[in-house]
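Trainee: Contents of protein.tsv (TSV, C-alpha atoms and all ligand atoms) are given next:
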chain	number	residue	atom	x	y	z
A	1	MET	CA	17.41	13.51	62.50
A	2	GLN	CA	20.10	10.95	61.77
A	3	ILE	CA	19.96	8.04	59.35
A	4	ALA	CA	19.95	5.76	62.41
A	5	ASP	CA	16.60	7.21	63.54
A	6	ILE	CA	15.05	5.90	60.34
A	7	THR	CA	16.79	2.53	60.29
A	8	LYS	CA	16.17	1.84	63.99
A	9	TYR	CA	12.48	2.57	63.59
A	10	LEU	CA	12.12	0.36	60.50
A	11	GLU	CA	14.01	-2.41	62.29
A	12	SER	CA	11.70	-2.14	65.30
A	13	LEU	CA	8.94	-3.23	62.88
A	14	ALA	CA	10.93	-5.57	60.66
A	15	PRO	CA	14.01	-6.75	62.61
A	16	LEU	CA	17.08	-7.64	60.58
A	17	SER	CA	17.16	-10.99	62.38
A	18	SER	CA	13.89	-11.91	60.64
A	19	GLN	CA	15.43	-11.80	57.14
A	20	GLU	CA	16.22	-14.96	55.16
A	21	SER	CA	19.76	-16.36	55.44
A	22	TYR	CA	20.59	-15.49	51.79
A	23	ASP	CA	19.46	-11.88	52.20
A	24	ASN	CA	21.46	-8.70	52.85
A	25	ALA	CA	18.92	-6.30	54.36
A	26	GLY	CA	20.20	-3.41	56.47
A	27	LEU	CA	22.48	-0.42	55.95
A	28	ILE	CA	24.67	-1.48	53.00
A	29	VAL	CA	26.45	1.83	52.28
A	30	GLY	CA	26.97	4.77	54.62
A	31	ASP	CA	27.33	5.76	58.27
A	32	GLU	CA	24.17	5.63	60.36
A	33	ARG	CA	25.27	8.66	62.42
A	34	THR	CA	25.06	10.93	59.37
A	35	GLU	CA	22.53	13.77	59.58
A	36	LEU	CA	19.65	12.99	57.23
A	37	SER	CA	18.83	15.47	54.46
A	38	ASN	CA	15.96	13.43	53.07
A	39	ALA	CA	15.26	9.83	52.03
A	40	LEU	CA	14.36	8.51	48.59
A	41	ILE	CA	12.24	5.35	48.54
A	42	ALA	CA	12.50	2.88	45.65
A	43	LEU	CA	11.96	-0.80	44.97
A	44	ASP	CA	15.46	-1.27	43.51
A	45	CYS	CA	18.63	0.74	43.98
A	46	THR	CA	20.23	1.40	40.59
A	47	GLU	CA	22.57	4.08	39.22
A	48	GLU	CA	19.53	6.02	38.02
A	49	ILE	CA	18.10	5.95	41.53
A	50	VAL	CA	21.38	7.29	42.95
A	51	ASP	CA	21.21	10.09	40.33
A	52	GLU	CA	17.65	10.82	41.41
A	53	ALA	CA	18.76	10.94	45.07
A	54	ILE	CA	21.51	13.44	44.17
A	55	GLN	CA	19.04	15.57	42.24
A	56	LYS	CA	16.46	15.49	45.04
A	57	ASN	CA	19.04	16.16	47.76
A	58	CYS	CA	18.40	12.85	49.51
A	59	ASN	CA	21.40	11.30	51.28
A	60	LEU	CA	19.59	8.05	52.04
A	61	ILE	CA	18.06	5.58	49.61
A	62	ILE	CA	15.63	3.10	51.14
A	63	ALA	CA	15.16	0.23	48.70
A	64	HIS	CA	13.27	-3.03	49.07
A	65	HIS	CA	15.85	-5.07	47.13
A	66	PRO	CA	19.46	-5.01	48.37
A	67	ILE	CA	21.87	-3.79	45.68
A	68	VAL	CA	24.57	-6.08	47.11
A	69	PHE	CA	23.76	-9.71	47.88
A	70	LYS	CA	27.19	-11.31	47.95
A	71	GLY	CA	30.66	-10.02	48.78
A	72	LEU	CA	32.20	-7.52	46.36
A	73	LYS	CA	35.94	-7.97	45.91
A	74	ARG	CA	36.71	-5.16	43.48
A	75	PHE	CA	35.31	-1.70	42.85
A	76	ASN	CA	36.20	-1.02	39.24
A	77	GLY	CA	32.76	-0.08	37.97
A	78	LYS	CA	32.60	-3.14	35.73
A	79	ASN	CA	28.98	-3.97	36.49
A	80	TYR	CA	25.90	-2.06	37.65
A	81	VAL	CA	26.30	-3.20	41.26
A	82	GLU	CA	29.86	-1.83	41.53
A	83	ARG	CA	28.92	1.37	39.67
A	84	THR	CA	25.89	2.00	41.91
A	85	VAL	CA	27.90	1.50	45.11
A	86	ILE	CA	30.80	3.67	43.85
A	87	LYS	CA	28.47	6.49	42.85
A	88	ALA	CA	26.64	6.35	46.19
A	89	ILE	CA	29.91	6.51	48.15
A	90	GLN	CA	31.28	9.35	45.96
A	91	HIS	CA	28.17	11.40	46.69
A	92	ASN	CA	27.85	10.50	50.38
A	93	ILE	CA	24.57	8.71	49.83
A	94	ALA	CA	23.66	5.86	52.16
A	95	ILE	CA	21.88	2.79	50.82
A	96	TYR	CA	19.52	0.86	53.07
A	97	ALA	CA	17.63	-2.31	52.12
A	98	ILE	CA	14.52	-3.67	53.84
A	99	HIS	CA	13.82	-6.91	52.05
A	100	THR	CA	12.73	-10.32	53.34
A	101	ASN	CA	12.38	-8.83	56.83
A	102	LEU	CA	9.68	-6.56	55.38
A	103	ASP	CA	8.17	-9.56	53.55
A	104	HIS	CA	7.93	-11.39	56.88
A	105	TYR	CA	6.43	-8.45	58.78
A	106	LYS	CA	2.69	-8.94	59.32
A	107	LEU	CA	1.95	-5.34	58.25
A	108	GLY	CA	4.57	-5.39	55.49
A	109	VAL	CA	4.76	-6.09	51.74
A	110	ASN	CA	2.04	-8.73	51.73
A	111	LYS	CA	-0.40	-6.83	53.95
A	112	LYS	CA	-0.17	-3.94	51.49
A	113	ILE	CA	-0.95	-6.32	48.59
A	114	GLY	CA	-3.87	-7.75	50.58
A	115	ASP	CA	-5.30	-4.26	51.07
A	116	LEU	CA	-5.15	-3.71	47.30
A	117	LEU	CA	-6.80	-7.06	46.66
A	118	GLY	CA	-9.59	-6.14	49.07
A	119	VAL	CA	-9.40	-9.33	51.11
A	120	HIS	CA	-10.44	-9.48	54.73
A	121	ASN	CA	-8.86	-11.38	57.60
A	122	PRO	CA	-5.40	-11.60	55.98
A	123	ARG	CA	-3.11	-14.02	57.79
A	124	ILE	CA	0.40	-15.31	57.20
A	125	LEU	CA	0.46	-18.17	54.69
A	126	SER	CA	3.64	-19.77	55.96
A	127	PRO	CA	4.39	-18.71	59.54
A	128	VAL	CA	7.95	-19.10	60.80
A	129	ASN	CA	8.81	-21.80	63.32
A	130	GLN	CA	10.90	-21.50	66.43
A	131	LYS	CA	10.94	-17.72	66.58
A	132	LEU	CA	9.13	-17.53	69.92
A	133	PHE	CA	10.36	-17.96	73.45
A	134	LYS	CA	8.67	-18.33	76.81
A	135	LEU	CA	9.75	-16.14	79.68
A	136	ALA	CA	8.92	-17.25	83.23
A	137	VAL	CA	9.88	-14.74	85.90
A	138	PHE	CA	9.38	-14.93	89.66
A	139	CYS	CA	8.61	-11.75	91.59
A	140	PRO	CA	7.04	-10.60	94.87
A	141	LYS	CA	3.25	-10.52	94.74
A	142	GLU	CA	2.98	-6.74	95.23
A	143	ASN	CA	5.33	-6.00	92.28
A	144	ALA	CA	3.70	-8.39	89.82
A	145	GLU	CA	1.38	-5.91	88.09
A	146	GLU	CA	4.11	-3.33	87.56
A	147	LEU	CA	6.47	-5.98	86.18
A	148	LYS	CA	3.80	-7.30	83.82
A	149	THR	CA	3.16	-3.79	82.52
A	150	ALA	CA	6.87	-3.40	81.76
A	151	LEU	CA	6.97	-6.77	79.97
A	152	PHE	CA	3.88	-5.95	77.89
A	153	GLN	CA	5.25	-2.53	76.97
A	154	ALA	CA	8.47	-4.15	75.77
A	155	GLY	CA	6.45	-6.38	73.42
A	156	ALA	CA	5.82	-9.59	75.40
A	157	GLY	CA	2.41	-11.27	75.70
A	158	GLN	CA	1.06	-10.87	72.17
A	159	ILE	CA	-0.89	-13.73	70.61
A	160	GLY	CA	-2.60	-12.82	67.33
A	161	ASN	CA	-4.92	-9.91	67.97
A	162	TYR	CA	-4.74	-10.39	71.73
A	163	ASN	CA	-2.17	-8.61	73.78
A	164	GLU	CA	-1.20	-8.51	77.47
A	165	CYS	CA	-1.47	-12.33	77.56
A	166	SER	CA	0.19	-13.93	80.58
A	167	PHE	CA	-0.25	-16.78	83.02
A	168	ASN	CA	0.25	-16.15	86.71
A	169	SER	CA	0.67	-18.71	89.46
A	170	SER	CA	1.41	-18.11	93.12
A	171	GLY	CA	3.93	-19.90	95.28
A	172	ILE	CA	6.69	-19.48	97.81
A	173	GLY	CA	10.16	-18.52	96.72
A	174	THR	CA	13.18	-18.95	98.98
A	175	PHE	CA	16.61	-17.39	99.01
A	176	LYS	CA	19.50	-16.66	101.36
A	177	ALA	CA	21.34	-13.43	100.65
A	178	GLY	CA	25.15	-13.72	100.72
A	179	GLU	CA	27.86	-11.31	101.94
A	180	GLY	CA	27.93	-7.99	100.11
A	181	THR	CA	24.31	-8.17	98.94
A	182	ASP	CA	21.55	-5.66	99.51
A	183	PRO	CA	18.41	-7.80	99.51
A	184	TYR	CA	15.08	-6.15	98.73
A	185	VAL	CA	13.48	-8.34	101.41
A	186	GLY	CA	14.95	-10.68	104.02
A	187	GLU	CA	18.20	-10.65	106.01
A	188	ILE	CA	21.73	-11.45	104.92
A	189	GLY	CA	22.67	-15.01	105.89
A	190	GLN	CA	19.13	-16.19	106.65
A	191	ARG	CA	16.83	-18.25	104.50
A	192	HIS	CA	13.93	-16.05	103.45
A	193	HIS	CA	10.48	-17.21	102.33
A	194	GLU	CA	8.62	-14.82	100.05
A	195	GLU	CA	5.17	-15.01	98.52
A	196	GLU	CA	5.91	-14.75	94.82
A	197	VAL	CA	4.11	-14.86	91.51
A	198	LYS	CA	5.45	-16.74	88.55
A	199	ILE	CA	4.59	-14.71	85.45
A	200	GLU	CA	4.75	-16.54	82.13
A	201	VAL	CA	4.65	-14.69	78.80
A	202	LEU	CA	5.33	-15.50	75.16
A	203	ALA	CA	7.50	-13.22	73.04
A	204	SER	CA	9.32	-13.03	69.75
A	205	THR	CA	12.99	-14.02	69.92
A	206	HIS	CA	13.82	-10.80	68.00
A	207	GLU	CA	12.72	-8.86	71.09
A	208	MET	CA	14.41	-11.00	73.72
A	209	GLY	CA	17.11	-8.45	74.58
A	210	LYS	CA	14.62	-5.62	74.94
A	211	ILE	CA	12.23	-7.71	77.06
A	212	ILE	CA	14.92	-9.06	79.41
A	213	GLY	CA	16.21	-5.49	79.78
A	214	ALA	CA	12.73	-4.21	80.67
A	215	MET	CA	12.27	-7.10	83.11
A	216	ASN	CA	15.54	-6.34	84.91
A	217	ALA	CA	14.72	-2.63	85.08
A	218	ALA	CA	11.23	-3.18	86.55
A	219	HIS	CA	12.04	-6.05	88.93
A	220	PRO	CA	12.79	-5.09	92.56
A	221	TYR	CA	15.31	-7.89	93.21
A	222	GLU	CA	19.07	-7.52	92.84
A	223	GLU	CA	19.24	-10.95	91.23
A	224	VAL	CA	16.21	-11.71	89.13
A	225	ALA	CA	15.17	-15.38	88.94
A	226	TYR	CA	13.82	-16.14	85.48
A	227	ASP	CA	13.78	-18.83	82.80
A	228	CYS	CA	13.88	-18.30	79.06
A	229	TYR	CA	13.10	-21.24	76.88
A	230	PRO	CA	12.82	-21.65	73.12
A	231	LEU	CA	9.49	-22.85	71.74
A	232	LEU	CA	8.68	-25.03	68.75
A	233	ASN	CA	5.42	-23.12	68.14
A	234	GLN	CA	4.78	-21.31	64.88
A	235	ASN	CA	4.74	-17.53	65.16
A	236	GLN	CA	1.52	-16.55	63.39
A	237	ASP	CA	2.69	-12.92	63.26
A	238	GLU	CA	5.79	-13.54	61.17
A	239	GLY	CA	6.36	-15.40	57.93
A	240	ALA	CA	6.03	-15.55	54.16
A	241	GLY	CA	2.98	-14.89	51.97
A	242	MET	CA	-0.59	-14.29	53.07
A	243	ILE	CA	-4.03	-15.76	52.66
A	244	GLY	CA	-7.47	-14.24	53.12
A	245	GLU	CA	-11.03	-14.14	51.79
A	246	LEU	CA	-12.92	-11.85	49.45
A	247	ASP	CA	-16.10	-10.38	50.94
A	248	THR	CA	-18.08	-11.54	47.92
A	249	PRO	CA	-16.94	-14.43	45.73
A	250	MET	CA	-15.92	-13.24	42.25
A	251	ASP	CA	-16.01	-14.77	38.82
A	252	GLU	CA	-12.50	-15.93	37.82
A	253	LYS	CA	-12.18	-13.70	34.77
A	254	ALA	CA	-13.55	-10.67	36.62
A	255	PHE	CA	-11.01	-11.27	39.36
A	256	LEU	CA	-8.12	-11.52	36.89
A	257	LYS	CA	-9.31	-8.29	35.29
A	258	LEU	CA	-9.36	-6.60	38.70
A	259	LEU	CA	-5.84	-7.91	39.38
A	260	LYS	CA	-4.63	-6.52	36.09
A	261	GLU	CA	-6.06	-3.09	36.84
A	262	ARG	CA	-4.97	-2.84	40.47
A	263	PHE	CA	-1.39	-3.93	39.74
A	264	GLN	CA	-1.13	-2.25	36.33
A	265	CYS	CA	-0.07	-5.49	34.66
A	266	ARG	CA	0.54	-5.63	30.94
A	267	ILE	CA	-0.02	-9.36	31.16
A	268	ILE	CA	-0.94	-12.03	33.69
A	269	ARG	CA	0.42	-15.53	33.09
A	270	HIS	CA	-2.00	-18.01	34.63
A	271	THR	CA	-2.95	-21.69	34.67
A	272	ASN	CA	-6.31	-23.21	33.68
A	273	LEU	CA	-9.38	-21.48	35.01
A	274	LEU	CA	-11.39	-23.93	37.10
A	275	ASP	CA	-14.89	-22.64	36.45
A	276	LYS	CA	-15.65	-21.81	40.07
A	277	PRO	CA	-15.82	-18.49	41.89
A	278	ILE	CA	-12.78	-17.01	43.61
A	279	LYS	CA	-13.26	-16.68	47.35
A	280	LYS	CA	-10.06	-17.67	49.11
A	281	VAL	CA	-6.99	-15.84	47.83
A	282	ALA	CA	-3.32	-16.50	48.63
A	283	TRP	CA	-0.48	-14.25	47.55
A	284	CYS	CA	3.19	-13.44	47.99
A	285	GLY	CA	4.98	-10.37	46.62
A	286	GLY	CA	8.08	-11.06	44.52
A	287	SER	CA	9.31	-14.57	43.72
A	288	GLY	CA	6.77	-16.73	45.52
A	289	SER	CA	6.59	-20.09	43.75
A	290	PHE	CA	8.00	-21.76	46.88
A	291	LEU	CA	4.67	-21.14	48.64
A	292	LEU	CA	2.42	-22.88	46.10
A	293	SER	CA	2.11	-26.04	48.21
A	294	ALA	CA	1.12	-23.96	51.27
A	295	ALA	CA	-1.55	-22.16	49.19
A	296	LYS	CA	-2.85	-25.52	47.90
A	297	ALA	CA	-2.84	-27.07	51.38
A	298	GLN	CA	-4.96	-24.18	52.68
A	299	LYS	CA	-7.38	-24.59	49.78
A	300	ALA	CA	-6.86	-21.18	48.18
A	301	ASP	CA	-8.76	-20.73	44.92
A	302	ILE	CA	-5.95	-18.65	43.42
A	303	TYR	CA	-2.30	-18.01	44.21
A	304	ILE	CA	-0.91	-14.65	43.10
A	305	THR	CA	2.81	-13.97	42.91
A	306	GLY	CA	5.68	-13.38	40.45
A	307	ASP	CA	8.53	-15.30	38.82
A	308	PHE	CA	6.82	-18.66	38.24
A	309	LYS	CA	8.86	-20.90	35.91
A	310	TYR	CA	7.32	-22.93	33.08
A	311	HIS	CA	7.52	-26.31	34.84
A	312	GLU	CA	6.23	-24.89	38.10
A	313	PHE	CA	2.94	-23.95	36.42
A	314	PHE	CA	2.18	-27.68	36.04
A	315	ASP	CA	2.08	-27.99	39.83
A	316	ALA	CA	-1.30	-26.22	39.90
A	317	GLU	CA	-2.81	-29.61	38.87
A	318	ASN	CA	-6.24	-28.03	38.37
A	319	GLN	CA	-6.56	-27.60	42.14
A	320	ILE	CA	-5.70	-23.91	42.20
A	321	ILE	CA	-5.14	-21.09	39.71
A	322	ILE	CA	-1.60	-19.77	39.61
A	323	ALA	CA	-1.53	-16.12	38.57
A	324	ASP	CA	1.93	-14.70	37.86
A	325	ILE	CA	1.47	-10.94	37.74
A	326	GLY	CA	5.21	-10.09	37.59
A	327	HIS	CA	7.80	-9.52	40.30
A	328	PHE	CA	7.91	-5.72	40.00
A	329	GLU	CA	4.15	-5.41	39.55
A	330	SER	CA	3.43	-7.41	42.69
A	331	GLU	CA	5.81	-5.38	44.87
A	332	GLN	CA	5.51	-1.88	43.40
A	333	TYR	CA	3.33	-0.58	46.25
A	334	THR	CA	6.05	-1.38	48.77
A	335	ILE	CA	7.27	2.16	47.98
A	336	ASP	CA	3.97	3.61	49.27
A	337	LEU	CA	4.02	1.21	52.21
A	338	LEU	CA	7.46	2.42	53.35
A	339	SER	CA	6.38	6.03	52.97
A	340	GLU	CA	3.22	5.37	55.02
A	341	LEU	CA	5.18	3.58	57.77
A	342	LEU	CA	7.67	6.46	58.01
A	343	THR	CA	5.20	9.34	57.97
A	344	LYS	CA	3.07	7.59	60.58
A	345	ASN	CA	6.01	7.62	62.99
A	346	PHE	CA	7.81	10.84	61.98
A	347	ALA	CA	5.00	13.37	61.67
A	348	THR	CA	7.05	16.17	60.11
A	349	PHE	CA	9.04	13.94	57.76
A	350	ALA	CA	8.13	13.72	54.06
A	351	PRO	CA	10.25	11.15	52.21
A	352	CYS	CA	10.63	11.34	48.41
A	353	LEU	CA	9.14	8.53	46.35
A	354	THR	CA	11.02	7.57	43.22
A	355	GLU	CA	9.58	8.67	39.89
A	356	ILE	CA	11.66	6.07	38.04
A	357	ASN	CA	10.21	2.70	37.08
A	358	THR	CA	13.07	0.32	37.86
A	359	ASN	CA	11.38	-2.77	36.39
A	360	PRO	CA	14.07	-4.38	34.19
A	361	VAL	CA	11.41	-6.47	32.43
A	362	LYS	CA	9.81	-4.80	29.41
A	363	TYR	CA	6.81	-6.01	27.41
A	364	PHE	CA	6.42	-5.74	23.66
B	401	ZN	ZN	11.21	-8.68	45.25
Please, can you express the file's structure as structure tokens?
Ligand SMILES: [Zn+2]
Mentor:
Amino acid sequence: MQIADITKYLESLAPLSSQESYDNAGLIVGDERTELSNALIALDCTEEIVDEAIQKNCNLIIAHHPIVFKGLKRFNGKNYVERTVIKAIQHNIAIYAIHTNLDHYKLGVNKKIGDLLGVHNPRILSPVNQKLFKLAVFCPKENAEELKTALFQAGAGQIGNYNECSFNSSGIGTFKAGEGTDPYVGEIGQRHHEEEVKIEVLASTHEMGKIIGAMNAAHPYEEVAYDCYPLLNQNQDEGAGMIGELDTPMDEKAFLKLLKERFQCRIIRHTNLLDKPIKKVAWCGGSGSFLLSAAKAQKADIYITGDFKYHEFFDAENQIIIADIGHFESEQYTIDLLSELLTKNFATFAPCLTEINTNPVKYF
């Protein structure tokens, strides 16, 4: 197995094109064609993690946080970023980051947190806009089912928990084949009328190349007539944060206690308790203060995340409880998530999980 087998699979779930503009997810150090010895999964990639990879004979580190965010101009080992990259290169260890693209994946970082919180019906708190397109393709009636199957298999036609969604309308297509063509139906130089079906499907823009490729491969015509248009719709399957409900409403203090246990927090920084049970819960792993307004707008009783600043706590305005459980604490189970995703797809592969706690924040 090559490093590319791992990265391609992870990117089929969490495409690099779904990361935030400031991010640097992807293969940061190394050649993807390298034969994989084993992979070490961590939340952060530090020098200690590179040492652990050397010791465990792993030539790939899969980390949630990218070690490099902005361009490095010198490699003199003057800071931990340079030293980590230098050490990885010296020991032929590749570094791969799967960051905001994994945050935005519907079964990613936040789904894992939701499972730990025990909420049901988790949905994306802030779905992305304009990441969907509509494909309308015209094909002979007798080929329509086969073409639809190919489109669905390539990932088109998914709306929430429904798949194979399409709209089909019948009509007459016309064409006149020119010199040098080999028309599937009709004669060269004569206008042909064909009973066709117009198949319309929705799809994610990340999968456009794959879907158009599958369409061309399955379509009988030499020249496929199709339209691709961008949509303004939200994509409910991609975006930041999540929201869901507890099966049974819980007392506020009991819920905070549960949070503390599940996420092994030394401390939870929170706003005023509101003296009402917790039922609707919103959350975002990592630095999630930017989603407070979305959590308030959707009437969550509590918003759980990390990295809230002093002044941002005031924005709770006694309408919601903000619970800052810590950046590392909120995302620590991403390590297990990545391991689960990989072992589900590569049955004989057993990645190493880091034994180092990379949280730079200590509590006294
Ligand atoms: Zn993070």
Trainee: For a quick check of understanding, using all atoms listed in the file, which of A:Gly288, A:Gly71, A:Gly244, A:Gly155 has the smallest distance to ligand ZN 401 (chain B)?
Mentor: A:Gly288
Trainee: Give the answer as one residue: which of A:Ile335, A:Ile159, A:Ile267, A:Leu107 has the shortest atom-to-atom distance to ligand ZN 401 (chain B), using only C-alpha atoms and all ligand atoms?
Mentor: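 Among the listed residues, A:Ile335 lies closest to ligand ZN 401 (chain B).
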Trainee: Quick one, how far is CA of His311 in chain A from CA of Thr271 in chain A?
Mentor: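 Computing the Euclidean distance for CA of His311 in chain A and CA of Thr271 in chain A yields 11.4 Å.
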Trainee: If you count all atoms listed in the file, which residues fall within 8 Å of Val50 in chain A, apart from same-chain ones fewer than 5 positions away, as a list in words?
Mentor: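 After dropping sequence-adjacent residues, the list is Cys45, Ile61, Thr84, Lys87, Ala88 and Ile93 of chain A.
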Trainee: Kindly compile the residues surrounding ligand ZN 401 (chain B) within 10 Å, counting all atoms listed in the file, and format them as a list in words.
Mentor: Leu43, Asp44, His64, His65, Pro66, His99, Thr100, Asp103, Val109, Cys284, Gly285, Gly286, Ser287, Gly288, Gly306, Asp307, Gly326, His327, Phe328, Glu329, Ser330, Glu331, Gln332 and Thr334 of chain A
Trainee: Compile the contact shell of Val128 in chain A as JSON, numbers by chain: residues with an atom at most 8 Å away, counting all atoms listed in the file, same-chain residues fewer than 5 positions apart removed.
Mentor: {"A": [234, 235, 236, 238, 239, 240]}
Trainee: Considering all atoms listed in the file, return as a list in words whatever protein or nucleic-acid residues lie within 6 Å of Met242 in chain A, sequence-local ones (same chain, fewer than 6 positions apart) excluded.
Mentor: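 These residues fall inside the cut-off: Arg123, Ile124, Leu125, Ala282 and Trp283 of chain A.
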Trainee: Those same residues, written as a PDB file, in the frame of the given file with C-alpha atoms?
Mentor:
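To be explicit, this is the file written out as out_2.pdb:
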ATOM      1  CA  ARG A 123      -3.110 -14.020  57.790  1.00  0.00           C
ATOM      2  CA  ILE A 124       0.400 -15.310  57.200  1.00  0.00           C
ATOM      3  CA  LEU A 125       0.460 -18.170  54.690  1.00  0.00           C
ATOM      4  CA  ALA A 282      -3.320 -16.500  48.630  1.00  0.00           C
ATOM      5  CA  TRP A 283      -0.480 -14.250  47.550  1.00  0.00           C
TER       6      TRP A 283
END
Trainee: Near Pro277 in chain A, within 6 Å and counting all atoms listed in the file, which residues show up once chain neighbours fewer than 6 positions away are dropped, as a short mmCIF file (atom, residue, chain, number, x, y, z; two decimals) with C-alpha atoms, keeping the file's coordinate frame?
Mentor:
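Writing done, so here's part38.cif:
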data_model
loop_
_atom_site.label_atom_id
_atom_site.label_comp_id
_atom_site.auth_asym_id
_atom_site.auth_seq_id
_atom_site.Cartn_x
_atom_site.Cartn_y
_atom_site.Cartn_z
CA PRO A 249 -16.94 -14.43 45.73
CA MET A 250 -15.92 -13.24 42.25
CA ASP A 251 -16.01 -14.77 38.82
CA GLU A 252 -12.50 -15.93 37.82
#
Trainee: Which value, in Å to one decimal, gives the distance between CA of Val281 in chain A and CA of Ile113 in chain A?
Mentor: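 Answer for the CA of Val281 in chain A to CA of Ile113 in chain A separation: 11.3 Å.
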Trainee: Quick one: everything within 10 Å of Phe167 in chain A, counting all atoms listed in the file, minus sequence neighbours fewer than 5 positions away in the same chain. Send it as a short mmCIF file (atom, residue, chain, number, x, y, z; two decimals) with C-alpha atoms, in the coordinates of the input.
Mentor:
data_model
loop_
_atom_site.label_atom_id
_atom_site.label_comp_id
_atom_site.auth_asym_id
_atom_site.auth_seq_id
_atom_site.Cartn_x
_atom_site.Cartn_y
_atom_site.Cartn_z
CA ALA A 136 8.92 -17.25 83.23
CA GLY A 157 2.41 -11.27 75.70
CA VAL A 197 4.11 -14.86 91.51
CA LYS A 198 5.45 -16.74 88.55
CA ILE A 199 4.59 -14.71 85.45
CA GLU A 200 4.75 -16.54 82.13
CA VAL A 201 4.65 -14.69 78.80
CA LEU A 202 5.33 -15.50 75.16
#
Trainee: Could you jot down the CA of Glu187 in chain A to CA of Thr174 in chain A separation for me, Å, one decimal place?
Mentor: 12.0 Å
Trainee: What are the closest atom pairs, with distances in Å to one decimal, for each residue of range 62-142 of chain A lying within 12 Å of range 214-223 of chain A, using all atoms listed in the file, rows by chain and rising residue number, as CSV?
Mentor:
residue,atom,partner,partner_atom,distance
A:Leu135,CA,A:Met215,CA,10.0
A:Ala136,CA,A:Met215,CA,10.7
A:Val137,CA,A:Met215,CA,8.5
A:Phe138,CA,A:His219,CA,9.3
A:Cys139,CA,A:His219,CA,7.2
A:Pro140,CA,A:Pro220,CA,8.3
A:Lys141,CA,A:Pro220,CA,11.2
A:Glu142,CA,A:Pro220,CA,10.3
Trainee: Looking at A:Leu341, A:His120, A:Arg83, A:Tyr184, which one is nearest to Ser12 in chain A, with distances taken over only C-alpha atoms?
Mentor: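 Comparing A:Leu341, A:His120, A:Arg83, A:Tyr184 against Ser12 in chain A, the winner is A:Leu341.
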Trainee: May I ask which of the residues A:Ser21, A:Ile322, A:Leu231, A:Arg266 is the closest one to Lys362 in chain A, counting only C-alpha atoms?
Mentor: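 Of the candidates, the smallest distance to Lys362 in chain A is held by A:Arg266.
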Trainee: Go through A:Tyr80, A:Phe152, A:Tyr363, A:Tyr9 and flag the residue nearest Thr46 in chain A, using all atoms listed in the file for the distances.
Mentor: A:Tyr80
